[in-house]
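Below is start_0.pdb, holding PDB, C-alpha atoms, pLDDT in the B column.
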```pdb
ATOM      1  CA  MET A  12       8.291  34.433 -26.165  1.00 73.00           C
ATOM      2  CA  ASP A  13       7.580  36.072 -29.498  1.00 76.00           C
ATOM      3  CA  TYR A  14       6.329  32.761 -30.903  1.00 74.00           C
ATOM      4  CA  GLU A  15       3.944  32.224 -27.981  1.00 76.00           C
ATOM      5  CA  THR A  16       2.646  35.774 -28.227  1.00 79.00           C
ATOM      6  CA  ARG A  17       1.993  35.500 -31.957  1.00 76.00           C
ATOM      7  CA  LYS A  18       0.322  32.127 -31.434  1.00 72.00           C
ATOM      8  CA  GLN A  19      -1.970  33.560 -28.735  1.00 71.00           C
ATOM      9  CA  GLN A  20      -2.846  36.531 -30.949  1.00 72.00           C
ATOM     10  CA  GLY A  21      -3.797  34.167 -33.762  1.00 69.00           C
ATOM     11  CA  LYS A  22      -1.024  35.363 -36.075  1.00 75.00           C
ATOM     12  CA  ILE A  23       0.370  31.816 -36.224  1.00 76.00           C
ATOM     13  CA  PRO A  24      -2.331  29.312 -37.179  1.00 74.00           C
ATOM     14  CA  VAL A  25      -2.812  26.422 -34.759  1.00 73.00           C
ATOM     15  CA  VAL A  26      -5.444  23.987 -35.996  1.00 69.00           C
ATOM     16  CA  GLY A  27      -8.260  23.606 -33.505  1.00 64.00           C
ATOM     17  CA  VAL A  28      -6.989  26.393 -31.273  1.00 64.00           C
ATOM     18  CA  ASN A  29      -7.180  29.534 -33.373  1.00 61.00           C
ATOM     19  CA  THR A  30      -8.171  28.149 -36.796  1.00 65.00           C
ATOM     20  CA  PHE A  31     -11.013  25.996 -38.100  1.00 60.00           C
ATOM     21  CA  ARG A  32     -13.271  26.829 -35.166  1.00 59.00           C
ATOM     22  CA  ASP A  33     -17.020  26.797 -35.589  1.00 59.00           C
ATOM     23  CA  SER A  34     -17.947  30.471 -35.312  1.00 60.00           C
ATOM     24  CA  GLU A  35     -21.646  29.571 -35.063  1.00 58.00           C
ATOM     25  CA  ALA A  36     -20.879  27.626 -31.902  1.00 54.00           C
ATOM     26  CA  GLY A  37     -18.999  30.551 -30.381  1.00 55.00           C
ATOM     27  CA  GLY A  38     -15.604  29.489 -31.650  1.00 51.00           C
ATOM     28  CA  GLU A  39     -13.704  32.699 -31.040  1.00 56.00           C
ATOM     29  CA  PRO A  40      -9.950  32.206 -30.543  1.00 49.00           C
ATOM     30  CA  ASN A  41      -9.863  34.048 -27.210  1.00 50.00           C
ATOM     31  CA  GLU A  42     -12.992  32.562 -25.687  1.00 58.00           C
ATOM     32  CA  SER A  43     -12.825  31.102 -22.204  1.00 64.00           C
ATOM     33  CA  VAL A  44     -13.217  27.347 -22.205  1.00 60.00           C
ATOM     34  CA  HIS A  45     -15.241  25.631 -19.510  1.00 70.00           C
ATOM     35  CA  LEU A  46     -13.189  22.820 -18.017  1.00 73.00           C
ATOM     36  CA  ALA A  47     -14.914  19.799 -16.531  1.00 81.00           C
ATOM     37  CA  ARG A  48     -13.372  18.756 -13.232  1.00 86.00           C
ATOM     38  CA  ALA A  49     -13.796  15.427 -11.502  1.00 89.00           C
ATOM     39  CA  THR A  50     -15.552  15.401  -8.162  1.00 92.00           C
ATOM     40  CA  GLU A  51     -13.758  14.115  -5.083  1.00 94.00           C
ATOM     41  CA  ALA A  52     -15.892  10.951  -5.213  1.00 95.00           C
ATOM     42  CA  GLU A  53     -14.851  10.350  -8.837  1.00 95.00           C
ATOM     43  CA  LYS A  54     -11.188  10.826  -7.928  1.00 95.00           C
ATOM     44  CA  GLN A  55     -11.409   8.384  -5.035  1.00 96.00           C
ATOM     45  CA  SER A  56     -13.250   5.867  -7.199  1.00 96.00           C
ATOM     46  CA  GLN A  57     -10.504   6.013  -9.829  1.00 96.00           C
ATOM     47  CA  LEU A  58      -7.780   5.604  -7.186  1.00 96.00           C
ATOM     48  CA  LYS A  59      -9.559   2.524  -5.801  1.00 98.00           C
ATOM     49  CA  ARG A  60      -9.851   1.008  -9.296  1.00 97.00           C
ATOM     50  CA  LEU A  61      -6.158   1.669  -9.901  1.00 97.00           C
ATOM     51  CA  ALA A  62      -5.215  -0.020  -6.616  1.00 97.00           C
ATOM     52  CA  ARG A  63      -7.351  -3.068  -7.513  1.00 98.00           C
ATOM     53  CA  PHE A  64      -5.796  -3.217 -10.995  1.00 97.00           C
ATOM     54  CA  LYS A  65      -2.271  -3.085  -9.574  1.00 97.00           C
ATOM     55  CA  LYS A  66      -3.047  -5.743  -6.940  1.00 97.00           C
ATOM     56  CA  LYS A  67      -4.636  -8.043  -9.519  1.00 97.00           C
ATOM     57  CA  ASN A  68      -1.580  -7.780 -11.782  1.00 97.00           C
ATOM     58  CA  GLU A  69       1.190  -7.528  -9.190  1.00 96.00           C
ATOM     59  CA  LYS A  70       2.762 -10.826 -10.281  1.00 97.00           C
ATOM     60  CA  ALA A  71       2.602 -10.247 -14.050  1.00 97.00           C
ATOM     61  CA  ALA A  72       3.564  -6.555 -14.066  1.00 97.00           C
ATOM     62  CA  PRO A  73       7.310  -6.832 -13.288  1.00 97.00           C
ATOM     63  CA  ALA A  74       7.920  -9.282 -16.147  1.00 97.00           C
ATOM     64  CA  ALA A  75       5.939  -7.143 -18.580  1.00 97.00           C
ATOM     65  CA  ILE A  76       7.862  -4.021 -17.529  1.00 97.00           C
ATOM     66  CA  LYS A  77      11.174  -5.872 -17.952  1.00 96.00           C
ATOM     67  CA  ARG A  78      10.219  -7.012 -21.475  1.00 95.00           C
ATOM     68  CA  LEU A  79       9.171  -3.462 -22.372  1.00 95.00           C
ATOM     69  CA  GLN A  80      12.427  -2.010 -21.077  1.00 94.00           C
ATOM     70  CA  GLU A  81      14.457  -4.634 -22.955  1.00 94.00           C
ATOM     71  CA  ALA A  82      12.596  -3.819 -26.168  1.00 94.00           C
ATOM     72  CA  ALA A  83      13.280  -0.112 -25.676  1.00 91.00           C
ATOM     73  CA  LEU A  84      16.969  -0.671 -24.946  1.00 92.00           C
ATOM     74  CA  SER A  85      17.450  -2.956 -27.952  1.00 92.00           C
ATOM     75  CA  GLY A  86      16.160  -0.259 -30.288  1.00 86.00           C
ATOM     76  CA  GLU A  87      13.299  -2.326 -31.630  1.00 86.00           C
ATOM     77  CA  ASN A  88       9.803  -1.011 -32.171  1.00 87.00           C
ATOM     78  CA  ILE A  89       8.181  -1.172 -28.739  1.00 91.00           C
ATOM     79  CA  PHE A  90       4.571  -0.860 -29.887  1.00 94.00           C
ATOM     80  CA  ALA A  91       3.740  -4.587 -29.812  1.00 92.00           C
ATOM     81  CA  GLN A  92       5.330  -4.999 -26.392  1.00 94.00           C
ATOM     82  CA  LEU A  93       3.545  -1.875 -25.188  1.00 95.00           C
ATOM     83  CA  LEU A  94       0.191  -3.399 -26.162  1.00 95.00           C
ATOM     84  CA  ASP A  95       0.983  -6.446 -24.017  1.00 95.00           C
ATOM     85  CA  THR A  96       2.227  -4.307 -21.126  1.00 96.00           C
ATOM     86  CA  VAL A  97      -0.892  -2.135 -20.857  1.00 96.00           C
ATOM     87  CA  ARG A  98      -2.905  -5.234 -20.021  1.00 97.00           C
ATOM     88  CA  VAL A  99      -1.114  -5.587 -16.677  1.00 97.00           C
ATOM     89  CA  CYS A 100       0.515  -2.197 -15.931  1.00 97.00           C
ATOM     90  CA  SER A 101      -0.792   1.293 -15.299  1.00 97.00           C
ATOM     91  CA  LEU A 102       0.225   4.318 -17.332  1.00 96.00           C
ATOM     92  CA  GLY A 103       2.289   5.518 -14.390  1.00 95.00           C
ATOM     93  CA  GLN A 104       4.181   2.217 -14.165  1.00 96.00           C
ATOM     94  CA  ILE A 105       4.879   2.233 -17.899  1.00 96.00           C
ATOM     95  CA  THR A 106       5.977   5.866 -17.890  1.00 93.00           C
ATOM     96  CA  GLN A 107       8.360   5.253 -14.983  1.00 94.00           C
ATOM     97  CA  ALA A 108       9.815   2.144 -16.649  1.00 94.00           C
ATOM     98  CA  LEU A 109      10.478   3.965 -19.914  1.00 92.00           C
ATOM     99  CA  PHE A 110      11.910   6.950 -18.052  1.00 92.00           C
ATOM    100  CA  GLU A 111      14.358   4.628 -16.276  1.00 92.00           C
ATOM    101  CA  VAL A 112      15.780   3.316 -19.549  1.00 91.00           C
ATOM    102  CA  GLY A 113      15.405   6.342 -21.794  1.00 84.00           C
ATOM    103  CA  GLY A 114      15.473   9.431 -19.652  1.00 75.00           C
ATOM    104  CA  ARG A 115      13.292  12.474 -20.049  1.00 69.00           C
ATOM    105  CA  TYR A 116      12.608  14.089 -23.414  1.00 65.00           C
ATOM    106  CA  ARG A 117      14.004  17.603 -23.648  1.00 66.00           C
ATOM    107  CA  ARG A 118      13.178  19.750 -26.622  1.00 64.00           C
ATOM    108  CA  ASN A 119      16.183  21.359 -28.302  1.00 64.00           C
ATOM    109  CA  MET A 120      16.109  25.101 -27.839  1.00 54.00           C
TER     110      MET A 120
END
```
Hey, can you dump this file as structure tokens for me?
Amino acid sequence: MDYETRKQQGKIPVVGVNTFRDSEAGGEPNESVHLARATEAEKQSQLKRLARFKKKNEKAAPAAIKRLQEAALSGENIFAQLLDTVRVCSLGQITQALFEVGGRYRRNM
């Protein structure tokens, strides 16, 4: 809690959050940031594109996921296999596949 408090107060430098901000552009550490939110139409459009992508690749995806999981389990560098997998699988599919073989990352406390 102390770390988070000091970080929020700017006592611990975090690049881009509380240091190296453009003061001429209103870069104060405690400024409120305007977040851009997607409209409901944009959300629905993205969901439709995702469904089309999954349907188009429904035959190739399982094999790509299996190869990715095998690469992860064998301890080899999975980057090359990951590049092949993203052509036919969504981020959610890839995340789930890697979670199944590797579990969830937990930071040591």
Could you jot down the CA of Ala72 in chain A to CA of Glu87 in chain A separation for me, Å, one decimal place?
20.5 Å
Starting from the PyMOL selection byres ((chain A and resi 97) around 12), expand the selection into actual residues of this file and give them as a list of chain:residue names.
A:Phe64, A:Lys65, A:Asn68, A:Ala71, A:Ala72, A:Ala75, A:Ile76, A:Leu79, A:Phe90, A:Ala91, A:Gln92, A:Leu93, A:Leu94, A:Asp95, A:Thr96, A:Arg98, A:Val99, A:Cys100, A:Ser101, A:Leu102, A:Gly103, A:Gln104, A:Ile105, A:Thr106
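Distance check against Ser85 in chain A using only C-alpha atoms: of A:Ala47, A:Lys70, A:Gly113, A:Ala62, the minimum falls on A:Gly113.
Straight-line separation from CA of Lys54 in chain A to CA of Lys66 in chain A: 18.5 Å.
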Separation of CA of Ser56 in chain A from CA of Lys77 in chain A, in Å and rounded to one decimal
29.2 Å
Taking all atoms listed in the file into account, which of A:Pro73, A:Leu58, A:Ala83, A:Thr16 comes nearest Val112 in chain A?
A:Ala83
